[in-house]
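*Asks:* Sharing entry37.cif (mmCIF, C-alpha atoms) below.
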data_target
loop_
_atom_site.label_atom_id
_atom_site.label_comp_id
_atom_site.auth_asym_id
_atom_site.auth_seq_id
_atom_site.Cartn_x
_atom_site.Cartn_y
_atom_site.Cartn_z
CA LYS A 116 -1.18 14.82 24.11
CA GLY A 117 0.71 17.71 22.54
CA MET A 118 2.40 15.40 20.02
CA ARG A 119 2.42 15.38 16.22
CA LEU A 120 -0.54 13.54 14.76
CA THR A 121 1.67 11.65 12.31
CA GLY A 122 5.37 11.07 11.76
CA VAL A 123 7.61 13.72 10.18
CA HIS A 124 7.76 11.74 6.92
CA LYS A 125 4.04 12.21 6.19
CA THR A 126 3.65 15.15 3.78
CA TYR A 127 1.11 16.54 1.35
CA ARG A 128 3.73 16.10 -1.37
CA GLY A 129 3.85 12.38 -0.53
CA LEU A 130 0.07 12.16 -0.63
CA VAL A 131 -0.13 13.82 -4.04
CA CYS A 132 2.89 12.07 -5.59
CA GLY A 133 1.92 8.66 -4.18
CA THR A 134 -1.57 9.01 -5.59
CA ILE A 135 -0.27 10.14 -9.00
CA ILE A 136 2.17 7.21 -9.14
CA ALA A 137 -0.70 4.82 -8.30
CA ILE A 138 -2.81 6.31 -11.12
CA LEU A 139 0.08 5.95 -13.58
CA THR A 140 0.66 2.36 -12.43
CA ALA A 141 -3.02 1.55 -12.94
CA TYR A 142 -2.80 3.07 -16.43
CA ILE A 143 0.17 0.86 -17.31
CA GLN A 144 -1.68 -2.17 -15.96
CA PHE A 145 -4.73 -1.16 -17.99
CA GLY A 146 -2.58 -1.04 -21.14
CA LEU A 147 -1.16 -4.51 -20.43
CA TYR A 148 -4.64 -5.77 -19.56
CA ASN A 149 -6.00 -4.62 -22.92
CA LYS A 150 -3.03 -5.64 -25.07
CA TYR A 151 -2.12 -9.08 -23.74
CA ALA A 152 -4.63 -11.84 -23.00
CA LEU A 153 -2.34 -13.22 -20.29
CA PHE A 154 -2.69 -10.04 -18.22
CA GLU A 155 -6.45 -10.08 -18.58
CA HIS A 156 -6.47 -13.74 -17.55
CA ILE A 157 -4.34 -13.25 -14.40
CA SER A 158 -5.79 -9.92 -13.29
CA ILE A 159 -7.84 -9.89 -10.12
CA ILE A 160 -9.76 -6.77 -11.15
CA ASP A 161 -11.12 -5.22 -14.34
CA TYR A 162 -8.93 -2.23 -15.26
CA THR A 163 -11.54 -0.54 -17.48
CA ASN A 164 -11.96 2.14 -14.80
CA TRP A 165 -8.17 2.49 -14.37
CA PHE A 166 -8.14 6.14 -13.29
CA SER A 167 -10.58 5.65 -10.40
CA ILE A 168 -8.88 2.41 -9.36
CA GLY A 169 -5.45 4.07 -9.27
CA LEU A 170 -6.82 7.12 -7.47
CA MET A 171 -8.56 5.10 -4.78
CA LEU A 172 -5.76 2.56 -4.28
CA GLY A 173 -3.08 5.25 -4.09
CA PHE A 174 -5.02 7.67 -1.91
CA GLY A 175 -6.29 4.84 0.30
CA ALA A 176 -2.81 3.40 0.79
CA ILE A 177 -1.40 6.79 1.83
CA VAL A 178 -4.35 7.46 4.15
CA GLY A 179 -4.00 3.99 5.68
CA ASP A 180 -0.32 4.64 6.33
CA ALA A 181 -1.12 8.04 7.90
CA VAL A 182 -3.76 6.53 10.19
CA GLU A 183 -1.25 3.87 11.32
CA SER A 184 1.28 6.64 11.93
CA LEU A 185 -1.26 8.50 14.08
CA PHE A 186 -1.73 5.44 16.30
CA LYS A 187 2.01 4.79 16.37
CA ARG A 188 2.64 8.32 17.68
CA GLN A 189 -0.11 8.00 20.28
CA TYR A 190 1.48 4.77 21.54
CA GLU A 191 4.83 6.62 21.58
CA ILE A 192 6.54 4.25 19.14
CA LYS A 193 9.50 6.10 17.67
CA PRO A 194 9.59 6.86 13.92
CA GLY A 195 11.32 4.07 12.04
CA ASN A 196 10.75 1.50 14.78
CA PRO A 197 8.76 -1.52 13.62
CA TRP A 198 5.16 -2.04 14.68
CA ILE A 199 4.29 -5.52 13.45
CA PRO A 200 1.83 -6.34 11.84
CA PHE A 201 0.49 -2.81 11.37
CA ASP A 202 3.49 -1.57 9.37
CA GLN A 203 2.84 -4.35 6.87
CA LEU A 204 -0.94 -3.92 6.62
CA ASP A 205 -1.75 -0.22 7.00
CA PHE A 206 -1.44 0.73 3.34
CA VAL A 207 -3.08 -2.52 2.19
CA ILE A 208 -6.15 -2.04 4.37
CA GLY A 209 -6.40 1.62 3.33
CA GLY A 210 -6.14 0.76 -0.36
CA LEU A 211 -8.66 -2.07 -0.10
CA LEU A 212 -11.17 0.08 1.80
CA PHE A 213 -10.97 2.97 -0.66
CA VAL A 214 -10.96 0.91 -3.88
CA ARG A 215 -14.25 -0.70 -2.85
CA PHE A 216 -15.95 2.58 -3.79
CA VAL A 217 -15.12 1.96 -7.46
CA GLN A 218 -14.33 -1.75 -7.86
CA SER A 219 -15.73 -4.91 -6.34
CA VAL A 220 -13.06 -7.07 -4.67
CA SER A 221 -14.13 -10.51 -3.49
CA ILE A 222 -13.62 -11.69 0.07
CA LYS A 223 -11.36 -14.46 -1.21
CA ILE A 224 -9.05 -11.97 -2.94
CA THR A 225 -9.16 -9.60 0.04
CA VAL A 226 -8.12 -12.36 2.45
CA THR A 227 -5.39 -13.52 0.08
CA ILE A 228 -4.01 -9.97 -0.16
CA LEU A 229 -4.15 -9.53 3.64
CA ILE A 230 -2.20 -12.77 4.14
CA ALA A 231 0.29 -12.35 1.29
CA SER A 232 1.16 -8.69 1.90
CA PRO A 233 2.88 -9.03 5.30
CA VAL A 234 4.79 -12.11 4.15
CA LEU A 235 5.97 -10.39 0.95
CA HIS A 236 6.76 -7.20 2.88
CA ILE A 237 9.08 -9.07 5.23
CA ILE A 238 10.74 -11.04 2.41
CA VAL A 239 11.38 -7.93 0.30
CA ASN A 240 12.73 -5.96 3.27
CA HIS A 241 15.08 -8.77 4.27
CA PHE A 242 16.27 -9.08 0.67
CA ALA A 243 16.91 -5.32 0.55
CA TYR A 244 18.80 -5.52 3.86
CA TYR A 245 21.03 -8.39 2.78
CA THR A 246 21.78 -6.77 -0.58
CA GLY A 247 22.67 -3.46 1.08
CA VAL A 248 19.72 -1.47 -0.23
CA ARG A 249 18.31 -0.98 3.30
CA LYS A 250 20.07 -0.46 6.63
CA GLU A 251 17.34 -2.19 8.67
CA LYS A 252 15.64 -5.54 8.15
CA TRP A 253 12.20 -4.03 8.80
#
As structure tokens, what does this structure read like?

*Replies:*
Amino acid sequence: KGMRLTGVHKTYRGLVCGTIIAILTAYIQFGLYNKYALFEHISIIDYTNWFSIGLMLGFGAIVGDAVESLFKRQYEIKPGNPWIPFDQLDFVIGGLLFVRFVQSVSIKITVTILIASPVLHIIVNHFAYYTGVRKEKW
């Protein structure tokens, strides 16, 4: 349609940095998982393969967000305008799809994540709005 495929905020720098941050986060979780029995007990995945898990979750989340942005542009929804529930699920679905290449995630955990993520997303954004961290509730 002669439009951008994704929003102006989607960059290669974001893809690379987001993926690196996810890998570093998985490494920290791996350290906690190995050092403290509580973290091993409450973890929903085995962090032994932390690098691949971080890579796939981070890359998948960014790709999921970019795919949602592509559809948002095609439906002519302006950047920054909410598109519920897709704004709350795009990165989650992307991360879950990609991490399945390296880690088994049960249906029960997948459904729990898909239900909890939008609820937590809305709560955190409202909290940020009311504390002045964000200018919009969404």

*Asks:* Run the PyMOL selection byres ((chain A and resi 195-210) around 10) on the file and write out the hits as a PyMOL selection string.

*Replies:* chain A and resi 122+124+168-184+186-187+192-194+211-215+225+228-230+232-237+251-253

*Asks:* Write the residues of the preceding selection, restricted to C-alpha atoms, as a PDB file, in the frame of the given file.

*Replies:*
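Ended up saving to again.pdb:
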ATOM      1  CA  GLY A 122       5.370  11.070  11.760  1.00  0.00           C
ATOM      2  CA  HIS A 124       7.760  11.740   6.920  1.00  0.00           C
ATOM      3  CA  ILE A 168      -8.880   2.410  -9.360  1.00  0.00           C
ATOM      4  CA  GLY A 169      -5.450   4.070  -9.270  1.00  0.00           C
ATOM      5  CA  LEU A 170      -6.820   7.120  -7.470  1.00  0.00           C
ATOM      6  CA  MET A 171      -8.560   5.100  -4.780  1.00  0.00           C
ATOM      7  CA  LEU A 172      -5.760   2.560  -4.280  1.00  0.00           C
ATOM      8  CA  GLY A 173      -3.080   5.250  -4.090  1.00  0.00           C
ATOM      9  CA  PHE A 174      -5.020   7.670  -1.910  1.00  0.00           C
ATOM     10  CA  GLY A 175      -6.290   4.840   0.300  1.00  0.00           C
ATOM     11  CA  ALA A 176      -2.810   3.400   0.790  1.00  0.00           C
ATOM     12  CA  ILE A 177      -1.400   6.790   1.830  1.00  0.00           C
ATOM     13  CA  VAL A 178      -4.350   7.460   4.150  1.00  0.00           C
ATOM     14  CA  GLY A 179      -4.000   3.990   5.680  1.00  0.00           C
ATOM     15  CA  ASP A 180      -0.320   4.640   6.330  1.00  0.00           C
ATOM     16  CA  ALA A 181      -1.120   8.040   7.900  1.00  0.00           C
ATOM     17  CA  VAL A 182      -3.760   6.530  10.190  1.00  0.00           C
ATOM     18  CA  GLU A 183      -1.250   3.870  11.320  1.00  0.00           C
ATOM     19  CA  SER A 184       1.280   6.640  11.930  1.00  0.00           C
ATOM     20  CA  PHE A 186      -1.730   5.440  16.300  1.00  0.00           C
ATOM     21  CA  LYS A 187       2.010   4.790  16.370  1.00  0.00           C
ATOM     22  CA  ILE A 192       6.540   4.250  19.140  1.00  0.00           C
ATOM     23  CA  LYS A 193       9.500   6.100  17.670  1.00  0.00           C
ATOM     24  CA  PRO A 194       9.590   6.860  13.920  1.00  0.00           C
ATOM     25  CA  LEU A 211      -8.660  -2.070  -0.100  1.00  0.00           C
ATOM     26  CA  LEU A 212     -11.170   0.080   1.800  1.00  0.00           C
ATOM     27  CA  PHE A 213     -10.970   2.970  -0.660  1.00  0.00           C
ATOM     28  CA  VAL A 214     -10.960   0.910  -3.880  1.00  0.00           C
ATOM     29  CA  ARG A 215     -14.250  -0.700  -2.850  1.00  0.00           C
ATOM     30  CA  THR A 225      -9.160  -9.600   0.040  1.00  0.00           C
ATOM     31  CA  ILE A 228      -4.010  -9.970  -0.160  1.00  0.00           C
ATOM     32  CA  LEU A 229      -4.150  -9.530   3.640  1.00  0.00           C
ATOM     33  CA  ILE A 230      -2.200 -12.770   4.140  1.00  0.00           C
ATOM     34  CA  SER A 232       1.160  -8.690   1.900  1.00  0.00           C
ATOM     35  CA  PRO A 233       2.880  -9.030   5.300  1.00  0.00           C
ATOM     36  CA  VAL A 234       4.790 -12.110   4.150  1.00  0.00           C
ATOM     37  CA  LEU A 235       5.970 -10.390   0.950  1.00  0.00           C
ATOM     38  CA  HIS A 236       6.760  -7.200   2.880  1.00  0.00           C
ATOM     39  CA  ILE A 237       9.080  -9.070   5.230  1.00  0.00           C
ATOM     40  CA  GLU A 251      17.340  -2.190   8.670  1.00  0.00           C
ATOM     41  CA  LYS A 252      15.640  -5.540   8.150  1.00  0.00           C
ATOM     42  CA  TRP A 253      12.200  -4.030   8.800  1.00  0.00           C
TER      43      TRP A 253
END

*Asks:* On this structure, which residues satisfy the PyMOL selection byres ((chain A and resi 165) around 10), written as JSON, numbers by chain?

*Replies:* {"A": [137, 138, 139, 140, 141, 142, 143, 144, 145, 146, 160, 161, 162, 163, 164, 166, 167, 168, 169, 170, 171, 217, 218]}

*Asks:* Enclose all atoms of range 162-175 of chain A listed in the file in an axis-aligned box, grow every side by 3 Å, and hand back centre and edge lengths in Å to one decimal, as lines of an AutoDock Vina configuration file.

*Replies:*
center_x = -7.5
center_y = 2.7
center_z = -8.6
size_x = 14.9
size_y = 15.9
size_z = 23.8

*Asks:* So how many Å separate CA of Tyr245 in chain A and CA of Thr134 in chain A, to one decimal?

*Replies:*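 Those two atoms sit 29.7 Å apart.
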
*Asks:* Just give me the gap between CA of Lys125 in chain A and CA of His241 in chain A in Å, one decimal is fine.

*Replies:* 23.8 Å

*Asks:* Mind pulling up the distance from CA of Thr126 in chain A to CA of Ala231 in chain A?

*Replies:* 27.8 Å
